[in-house]
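The next block is final-v1.pdb, given as PDB, C-alpha atoms, pLDDT in the B column.
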```pdb
ATOM      1  CA  MET N   1      -1.010 -15.172 -36.681  1.00 41.00           C
ATOM      2  CA  ALA N   2      -1.770 -16.740 -33.282  1.00 46.00           C
ATOM      3  CA  GLY N   3       0.952 -14.627 -31.664  1.00 52.00           C
ATOM      4  CA  THR N   4      -0.749 -11.471 -32.931  1.00 83.00           C
ATOM      5  CA  ILE N   5      -4.132 -12.499 -31.533  1.00 88.00           C
ATOM      6  CA  GLU N   6      -2.585 -13.320 -28.161  1.00 91.00           C
ATOM      7  CA  SER N   7      -0.725 -10.007 -28.024  1.00 89.00           C
ATOM      8  CA  ASP N   8      -3.919  -8.143 -28.972  1.00 90.00           C
ATOM      9  CA  ILE N   9      -5.763  -9.867 -26.138  1.00 93.00           C
ATOM     10  CA  ARG N  10      -2.961  -9.093 -23.689  1.00 94.00           C
ATOM     11  CA  PHE N  11      -2.854  -5.446 -24.771  1.00 94.00           C
ATOM     12  CA  ARG N  12      -6.613  -5.041 -24.338  1.00 95.00           C
ATOM     13  CA  GLY N  13      -6.398  -6.808 -20.995  1.00 96.00           C
ATOM     14  CA  LEU N  14      -3.676  -4.422 -19.870  1.00 97.00           C
ATOM     15  CA  VAL N  15      -5.703  -1.362 -20.880  1.00 97.00           C
ATOM     16  CA  GLN N  16      -8.762  -2.781 -19.156  1.00 97.00           C
ATOM     17  CA  TYR N  17      -6.798  -3.653 -15.999  1.00 97.00           C
ATOM     18  CA  LEU N  18      -5.239  -0.186 -15.729  1.00 98.00           C
ATOM     19  CA  SER N  19      -8.569   1.531 -16.462  1.00 97.00           C
ATOM     20  CA  THR N  20     -10.464  -0.529 -13.912  1.00 96.00           C
ATOM     21  CA  SER N  21      -7.761   0.087 -11.317  1.00 96.00           C
ATOM     22  CA  ALA N  22      -8.028   3.823 -11.923  1.00 97.00           C
ATOM     23  CA  PHE N  23     -11.835   3.725 -11.601  1.00 97.00           C
ATOM     24  CA  PHE N  24     -11.503   1.876  -8.277  1.00 95.00           C
ATOM     25  CA  GLN N  25      -9.111   4.578  -7.051  1.00 96.00           C
ATOM     26  CA  LEU N  26     -11.486   7.309  -8.218  1.00 97.00           C
ATOM     27  CA  GLY N  27     -14.174   5.783  -6.029  1.00 95.00           C
ATOM     28  CA  LYS N  28     -16.356   5.042  -9.041  1.00 95.00           C
ATOM     29  CA  MET N  29     -16.454   1.314  -8.341  1.00 94.00           C
ATOM     30  CA  ALA N  30     -16.659  -0.637  -5.099  1.00 92.00           C
ATOM     31  CA  ASN N  31     -13.695  -2.714  -4.002  1.00 86.00           C
ATOM     32  CA  PRO N  32     -14.631  -6.277  -4.999  1.00 85.00           C
ATOM     33  CA  VAL N  33     -13.095  -7.725  -1.828  1.00 90.00           C
ATOM     34  CA  THR N  34     -14.537  -5.324   0.767  1.00 91.00           C
ATOM     35  CA  GLY N  35     -17.549  -4.059  -1.164  1.00 92.00           C
ATOM     36  CA  GLU N  36     -16.625  -0.542  -0.048  1.00 93.00           C
ATOM     37  CA  ILE N  37     -15.943   2.579  -2.096  1.00 94.00           C
ATOM     38  CA  GLU N  38     -12.339   3.627  -1.652  1.00 93.00           C
ATOM     39  CA  ARG N  39     -11.118   6.919  -3.077  1.00 95.00           C
ATOM     40  CA  ASN N  40      -7.461   7.733  -3.644  1.00 96.00           C
ATOM     41  CA  LEU N  41      -6.846  10.428  -6.239  1.00 97.00           C
ATOM     42  CA  GLU N  42      -3.064   9.947  -6.164  1.00 97.00           C
ATOM     43  CA  GLY N  43      -3.549   6.256  -6.917  1.00 97.00           C
ATOM     44  CA  ALA N  44      -5.974   7.098  -9.719  1.00 98.00           C
ATOM     45  CA  LYS N  45      -3.503   9.569 -11.209  1.00 98.00           C
ATOM     46  CA  PHE N  46      -0.812   6.883 -11.143  1.00 98.00           C
ATOM     47  CA  PHE N  47      -2.924   4.520 -13.266  1.00 98.00           C
ATOM     48  CA  ILE N  48      -4.002   7.311 -15.625  1.00 98.00           C
ATOM     49  CA  ASP N  49      -0.348   8.291 -16.080  1.00 98.00           C
ATOM     50  CA  MET N  50       0.512   4.641 -16.801  1.00 98.00           C
ATOM     51  CA  LEU N  51      -2.104   4.554 -19.561  1.00 98.00           C
ATOM     52  CA  ASP N  52      -0.821   7.870 -20.892  1.00 97.00           C
ATOM     53  CA  SER N  53       2.719   6.448 -21.047  1.00 97.00           C
ATOM     54  CA  LEU N  54       1.398   3.368 -22.797  1.00 97.00           C
ATOM     55  CA  GLU N  55      -0.286   5.577 -25.380  1.00 97.00           C
ATOM     56  CA  LEU N  56       2.895   7.580 -25.983  1.00 97.00           C
ATOM     57  CA  LYS N  57       5.114   4.509 -26.280  1.00 96.00           C
ATOM     58  CA  THR N  58       2.781   2.582 -28.604  1.00 95.00           C
ATOM     59  CA  ARG N  59       1.724   5.455 -30.850  1.00 93.00           C
ATOM     60  CA  GLY N  60       1.864   4.334 -34.474  1.00 93.00           C
ATOM     61  CA  ALA N  61       2.149   0.644 -33.521  1.00 93.00           C
ATOM     62  CA  LEU N  62      -1.499   0.058 -32.605  1.00 93.00           C
ATOM     63  CA  SER N  63      -4.426  -0.818 -34.782  1.00 92.00           C
ATOM     64  CA  GLU N  64      -7.075   1.841 -35.210  1.00 93.00           C
ATOM     65  CA  GLU N  65      -9.406  -0.126 -32.908  1.00 93.00           C
ATOM     66  CA  GLU N  66      -6.746  -0.464 -30.186  1.00 94.00           C
ATOM     67  CA  MET N  67      -5.941   3.230 -30.372  1.00 95.00           C
ATOM     68  CA  LYS N  68      -9.628   4.166 -30.072  1.00 96.00           C
ATOM     69  CA  GLU N  69      -9.973   1.860 -27.055  1.00 96.00           C
ATOM     70  CA  LEU N  70      -6.947   3.373 -25.353  1.00 97.00           C
ATOM     71  CA  GLU N  71      -7.917   6.964 -26.157  1.00 97.00           C
ATOM     72  CA  GLY N  72     -11.494   6.308 -25.007  1.00 97.00           C
ATOM     73  CA  ALA N  73     -10.283   4.914 -21.688  1.00 98.00           C
ATOM     74  CA  LEU N  74      -7.981   7.884 -21.152  1.00 98.00           C
ATOM     75  CA  THR N  75     -10.670  10.427 -22.027  1.00 98.00           C
ATOM     76  CA  SER N  76     -13.181   8.848 -19.654  1.00 98.00           C
ATOM     77  CA  LEU N  77     -10.652   8.584 -16.837  1.00 98.00           C
ATOM     78  CA  ARG N  78      -9.402  12.140 -17.247  1.00 98.00           C
ATOM     79  CA  LEU N  79     -12.945  13.554 -17.162  1.00 98.00           C
ATOM     80  CA  ASN N  80     -13.787  11.508 -14.070  1.00 97.00           C
ATOM     81  CA  TYR N  81     -10.528  12.556 -12.409  1.00 98.00           C
ATOM     82  CA  ILE N  82     -11.297  16.240 -13.040  1.00 97.00           C
ATOM     83  CA  ASP N  83     -14.789  15.707 -11.634  1.00 96.00           C
ATOM     84  CA  GLU N  84     -13.378  14.191  -8.437  1.00 96.00           C
ATOM     85  CA  VAL N  85     -10.800  16.974  -8.019  1.00 95.00           C
ATOM     86  CA  LYS N  86     -13.589  19.554  -8.376  1.00 94.00           C
ATOM     87  CA  LYS N  87     -15.579  17.743  -5.672  1.00 92.00           C
ATOM     88  CA  ASP N  88     -12.610  18.131  -3.325  1.00 89.00           C
ATOM     89  CA  GLN N  89     -12.322  21.832  -4.130  1.00 89.00           C
ATOM     90  CA  GLU N  90     -16.061  22.399  -3.581  1.00 87.00           C
ATOM     91  CA  ALA N  91     -16.239  20.342  -0.367  1.00 77.00           C
ATOM     92  CA  PRO N  92     -14.643  22.969   1.936  1.00 71.00           C
ATOM     93  CA  ALA N  93     -17.086  25.618   0.673  1.00 66.00           C
ATOM     94  CA  THR N  94     -20.019  23.283   1.322  1.00 59.00           C
ATOM     95  CA  GLU N  95     -18.801  22.515   4.837  1.00 59.00           C
ATOM     96  CA  GLU N  96     -18.391  26.216   5.636  1.00 60.00           C
ATOM     97  CA  THR N  97     -21.900  26.961   4.374  1.00 58.00           C
ATOM     98  CA  ALA N  98     -23.375  24.174   6.486  1.00 57.00           C
ATOM     99  CA  ALA N  99     -21.589  25.498   9.555  1.00 57.00           C
ATOM    100  CA  GLU N 100     -23.010  29.003   9.158  1.00 58.00           C
ATOM    101  CA  GLU N 101     -26.006  29.898  11.273  1.00 49.00           C
ATOM    102  CA  THR N 102     -29.315  29.867   9.433  1.00 51.00           C
ATOM    103  CA  PRO N 103     -32.263  32.081  10.490  1.00 50.00           C
ATOM    104  CA  GLU N 104     -34.131  28.981  11.684  1.00 53.00           C
ATOM    105  CA  THR N 105     -31.221  27.977  13.895  1.00 50.00           C
ATOM    106  CA  ALA N 106     -30.981  31.486  15.349  1.00 48.00           C
ATOM    107  CA  ASP N 107     -34.724  31.496  16.178  1.00 53.00           C
ATOM    108  CA  THR N 108     -34.431  28.149  17.938  1.00 49.00           C
ATOM    109  CA  GLU N 109     -31.429  29.322  19.956  1.00 52.00           C
ATOM    110  CA  ASP N 110     -33.264  32.518  20.952  1.00 53.00           C
ATOM    111  CA  LYS N 111     -36.236  30.483  22.182  1.00 51.00           C
ATOM    112  CA  HIS N 112     -33.947  28.268  24.257  1.00 50.00           C
ATOM    113  CA  GLU N 113     -32.297  31.347  25.781  1.00 54.00           C
ATOM    114  CA  ASP N 114     -35.709  32.887  26.579  1.00 54.00           C
ATOM    115  CA  GLN N 115     -36.881  29.660  28.221  1.00 54.00           C
ATOM    116  CA  ALA N 116     -33.685  29.426  30.287  1.00 53.00           C
ATOM    117  CA  ALA N 117     -34.082  33.030  31.458  1.00 53.00           C
ATOM    118  CA  GLY N 118     -37.722  32.396  32.439  1.00 54.00           C
ATOM    119  CA  ASP N 119     -36.848  29.343  34.574  1.00 52.00           C
TER     120      ASP N 119
END
```

Would you give me this structure, written as structure tokens?
Amino acid sequence: MAGTIESDIRFRGLVQYLSTSAFFQLGKMANPVTGEIERNLEGAKFFIDMLDSLELKTRGALSEEEMKELEGALTSLRLNYIDEVKKDQEAPATEETAAEETPETADTEDKHEDQAAGD
């Protein structure tokens, strides 16, 4: 019985380790050493894929509670991953919009040109 408890603890620890690693890579948690947010979507995908492989290879061998824990971690990570990918896709559009001239900017530039011409 003790071997089963130890293996359950190790399995949960593995799921937690892989999940936490993925969240670090998604930039959802600060690096505990540097205190900085580091974002690496390829790294996050690696850890999500590892959890996915773990789910496929252990299907039918896990308790209902273990399966729910693993599926919950994967669902949360996948949704967060999609959210981060969308941010990357929206970022270029946001940068282009910010670079466009606004009416206020045009008025200010016209005033500067008028002042320069009057000098």

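What the PyMOL selection byres ((chain N and resi 48-55) around 9) picks from this file is Val15, Leu18, Ser19, Ala22, Gly43, Ala44, Lys45, Phe46, Phe47, Leu56, Lys57, Thr58, Arg59, Met67, Leu70, Glu71, Ala73, Leu74, Leu77, Arg78 and Tyr81 of chain N.
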
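The coordinates place CA of Lys68 (chain N) at 16.3 Å from CA of Tyr17 (chain N).
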
Selection: 9 Å around Asn80 (chain N), only C-alpha atoms, excl. self and same-chain fewer than 5 positions, as number ranges by chain: N: 23, 26, 28, 75, 85

Top pick for closest residue to Gly72 (chain N), considering N:Gln16, N:Gln25, N:Thr4, N:Asn31 and counting all atoms listed in the file: N:Gln16

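When all atoms listed in the file are used to compute distances to Asp88 (chain N), the closest of the residues N:Met29, N:Leu14, N:Leu62, N:Leu41 turns out to be N:Leu41.
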
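Atom to atom, CA of Asp8 (chain N) and CA of Thr20 (chain N) stand 18.1 Å apart.
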
CA of Ser63 (chain N) to CA of Ser76 (chain N), distance in Å rounded to a single decimal: 20.0 Å

How about completing region 19-50 of chain N with N, CA and C atoms and giving it to me as an mmCIF file, in the coordinates of the input?
```
data_model
loop_
_atom_site.group_PDB
_atom_site.id
_atom_site.type_symbol
_atom_site.label_atom_id
_atom_site.label_comp_id
_atom_site.auth_asym_id
_atom_site.auth_seq_id
_atom_site.Cartn_x
_atom_site.Cartn_y
_atom_site.Cartn_z
ATOM 1 N N SER N 19 -7.366 0.689 -16.529
ATOM 2 C CA SER N 19 -8.569 1.531 -16.462
ATOM 3 C C SER N 19 -9.417 1.192 -15.248
ATOM 4 N N THR N 20 -9.658 -0.088 -15.044
ATOM 5 C CA THR N 20 -10.464 -0.529 -13.912
ATOM 6 C C THR N 20 -9.803 -0.141 -12.600
ATOM 7 N N SER N 21 -8.498 -0.295 -12.530
ATOM 8 C CA SER N 21 -7.761 0.087 -11.317
ATOM 9 C C SER N 21 -7.922 1.577 -11.035
ATOM 10 N N ALA N 22 -7.857 2.379 -12.086
ATOM 11 C CA ALA N 22 -8.028 3.823 -11.923
ATOM 12 C C ALA N 22 -9.449 4.148 -11.450
ATOM 13 N N PHE N 23 -10.455 3.477 -12.019
ATOM 14 C CA PHE N 23 -11.835 3.725 -11.601
ATOM 15 C C PHE N 23 -12.061 3.330 -10.143
ATOM 16 N N PHE N 24 -11.428 2.247 -9.693
ATOM 17 C CA PHE N 24 -11.503 1.876 -8.277
ATOM 18 C C PHE N 24 -10.934 3.006 -7.422
ATOM 19 N N GLN N 25 -9.773 3.526 -7.820
ATOM 20 C CA GLN N 25 -9.111 4.578 -7.051
ATOM 21 C C GLN N 25 -9.899 5.887 -7.071
ATOM 22 N N LEU N 26 -10.656 6.112 -8.136
ATOM 23 C CA LEU N 26 -11.486 7.309 -8.218
ATOM 24 C C LEU N 26 -12.742 7.195 -7.354
ATOM 25 N N GLY N 27 -12.977 6.001 -6.829
ATOM 26 C CA GLY N 27 -14.174 5.783 -6.029
ATOM 27 C C GLY N 27 -15.416 5.594 -6.873
ATOM 28 N N LYS N 28 -15.235 5.241 -8.125
ATOM 29 C CA LYS N 28 -16.356 5.042 -9.041
ATOM 30 C C LYS N 28 -16.869 3.606 -9.025
ATOM 31 N N MET N 29 -16.082 2.719 -8.436
ATOM 32 C CA MET N 29 -16.454 1.314 -8.341
ATOM 33 C C MET N 29 -16.104 0.828 -6.938
ATOM 34 N N ALA N 30 -16.928 -0.079 -6.423
ATOM 35 C CA ALA N 30 -16.659 -0.637 -5.099
ATOM 36 C C ALA N 30 -15.528 -1.649 -5.175
ATOM 37 N N ASN N 31 -14.751 -1.716 -4.118
ATOM 38 C CA ASN N 31 -13.695 -2.714 -4.002
ATOM 39 C C ASN N 31 -14.356 -4.089 -4.008
ATOM 40 N N PRO N 32 -13.961 -4.979 -4.915
ATOM 41 C CA PRO N 32 -14.631 -6.277 -4.999
ATOM 42 C C PRO N 32 -14.420 -7.164 -3.770
ATOM 43 N N VAL N 33 -13.374 -6.919 -3.020
ATOM 44 C CA VAL N 33 -13.095 -7.725 -1.828
ATOM 45 C C VAL N 33 -13.907 -7.220 -0.632
ATOM 46 N N THR N 34 -13.875 -5.887 -0.409
ATOM 47 C CA THR N 34 -14.537 -5.324 0.767
ATOM 48 C C THR N 34 -15.956 -4.850 0.479
ATOM 49 N N GLY N 35 -16.240 -4.595 -0.799
ATOM 50 C CA GLY N 35 -17.549 -4.059 -1.164
ATOM 51 C C GLY N 35 -17.677 -2.577 -0.858
ATOM 52 N N GLU N 36 -16.603 -1.949 -0.429
ATOM 53 C CA GLU N 36 -16.625 -0.542 -0.048
ATOM 54 C C GLU N 36 -16.038 0.338 -1.148
ATOM 55 N N ILE N 37 -16.489 1.584 -1.172
ATOM 56 C CA ILE N 37 -15.943 2.579 -2.096
ATOM 57 C C ILE N 37 -14.698 3.165 -1.445
ATOM 58 N N GLU N 38 -13.600 3.080 -2.151
ATOM 59 C CA GLU N 38 -12.339 3.627 -1.652
ATOM 60 C C GLU N 38 -11.855 4.649 -2.666
ATOM 61 N N ARG N 39 -11.507 5.831 -2.181
ATOM 62 C CA ARG N 39 -11.118 6.919 -3.077
ATOM 63 C C ARG N 39 -9.696 7.353 -2.774
ATOM 64 N N ASN N 40 -8.861 7.334 -3.791
ATOM 65 C CA ASN N 40 -7.461 7.733 -3.644
ATOM 66 C C ASN N 40 -7.051 8.389 -4.957
ATOM 67 N N LEU N 41 -7.119 9.715 -4.989
ATOM 68 C CA LEU N 41 -6.846 10.428 -6.239
ATOM 69 C C LEU N 41 -5.401 10.277 -6.699
ATOM 70 N N GLU N 42 -4.459 10.165 -5.769
ATOM 71 C CA GLU N 42 -3.064 9.947 -6.164
ATOM 72 C C GLU N 42 -2.912 8.591 -6.845
ATOM 73 N N GLY N 43 -3.577 7.585 -6.308
ATOM 74 C CA GLY N 43 -3.549 6.256 -6.917
ATOM 75 C C GLY N 43 -4.189 6.274 -8.295
ATOM 76 N N ALA N 44 -5.301 6.990 -8.421
ATOM 77 C CA ALA N 44 -5.974 7.098 -9.719
ATOM 78 C C ALA N 44 -5.062 7.778 -10.735
ATOM 79 N N LYS N 45 -4.412 8.842 -10.309
ATOM 80 C CA LYS N 45 -3.503 9.569 -11.209
ATOM 81 C C LYS N 45 -2.360 8.668 -11.675
ATOM 82 N N PHE N 46 -1.876 7.816 -10.785
ATOM 83 C CA PHE N 46 -0.812 6.883 -11.143
ATOM 84 C C PHE N 46 -1.255 5.989 -12.309
ATOM 85 N N PHE N 47 -2.446 5.405 -12.208
ATOM 86 C CA PHE N 47 -2.924 4.520 -13.266
ATOM 87 C C PHE N 47 -3.231 5.272 -14.553
ATOM 88 N N ILE N 48 -3.744 6.491 -14.440
ATOM 89 C CA ILE N 48 -4.002 7.311 -15.625
ATOM 90 C C ILE N 48 -2.680 7.653 -16.307
ATOM 91 N N ASP N 49 -1.671 7.993 -15.520
ATOM 92 C CA ASP N 49 -0.348 8.291 -16.080
ATOM 93 C C ASP N 49 0.263 7.059 -16.753
ATOM 94 N N MET N 50 0.015 5.886 -16.178
ATOM 95 C CA MET N 50 0.512 4.641 -16.801
ATOM 96 C C MET N 50 -0.116 4.453 -18.183
#
```
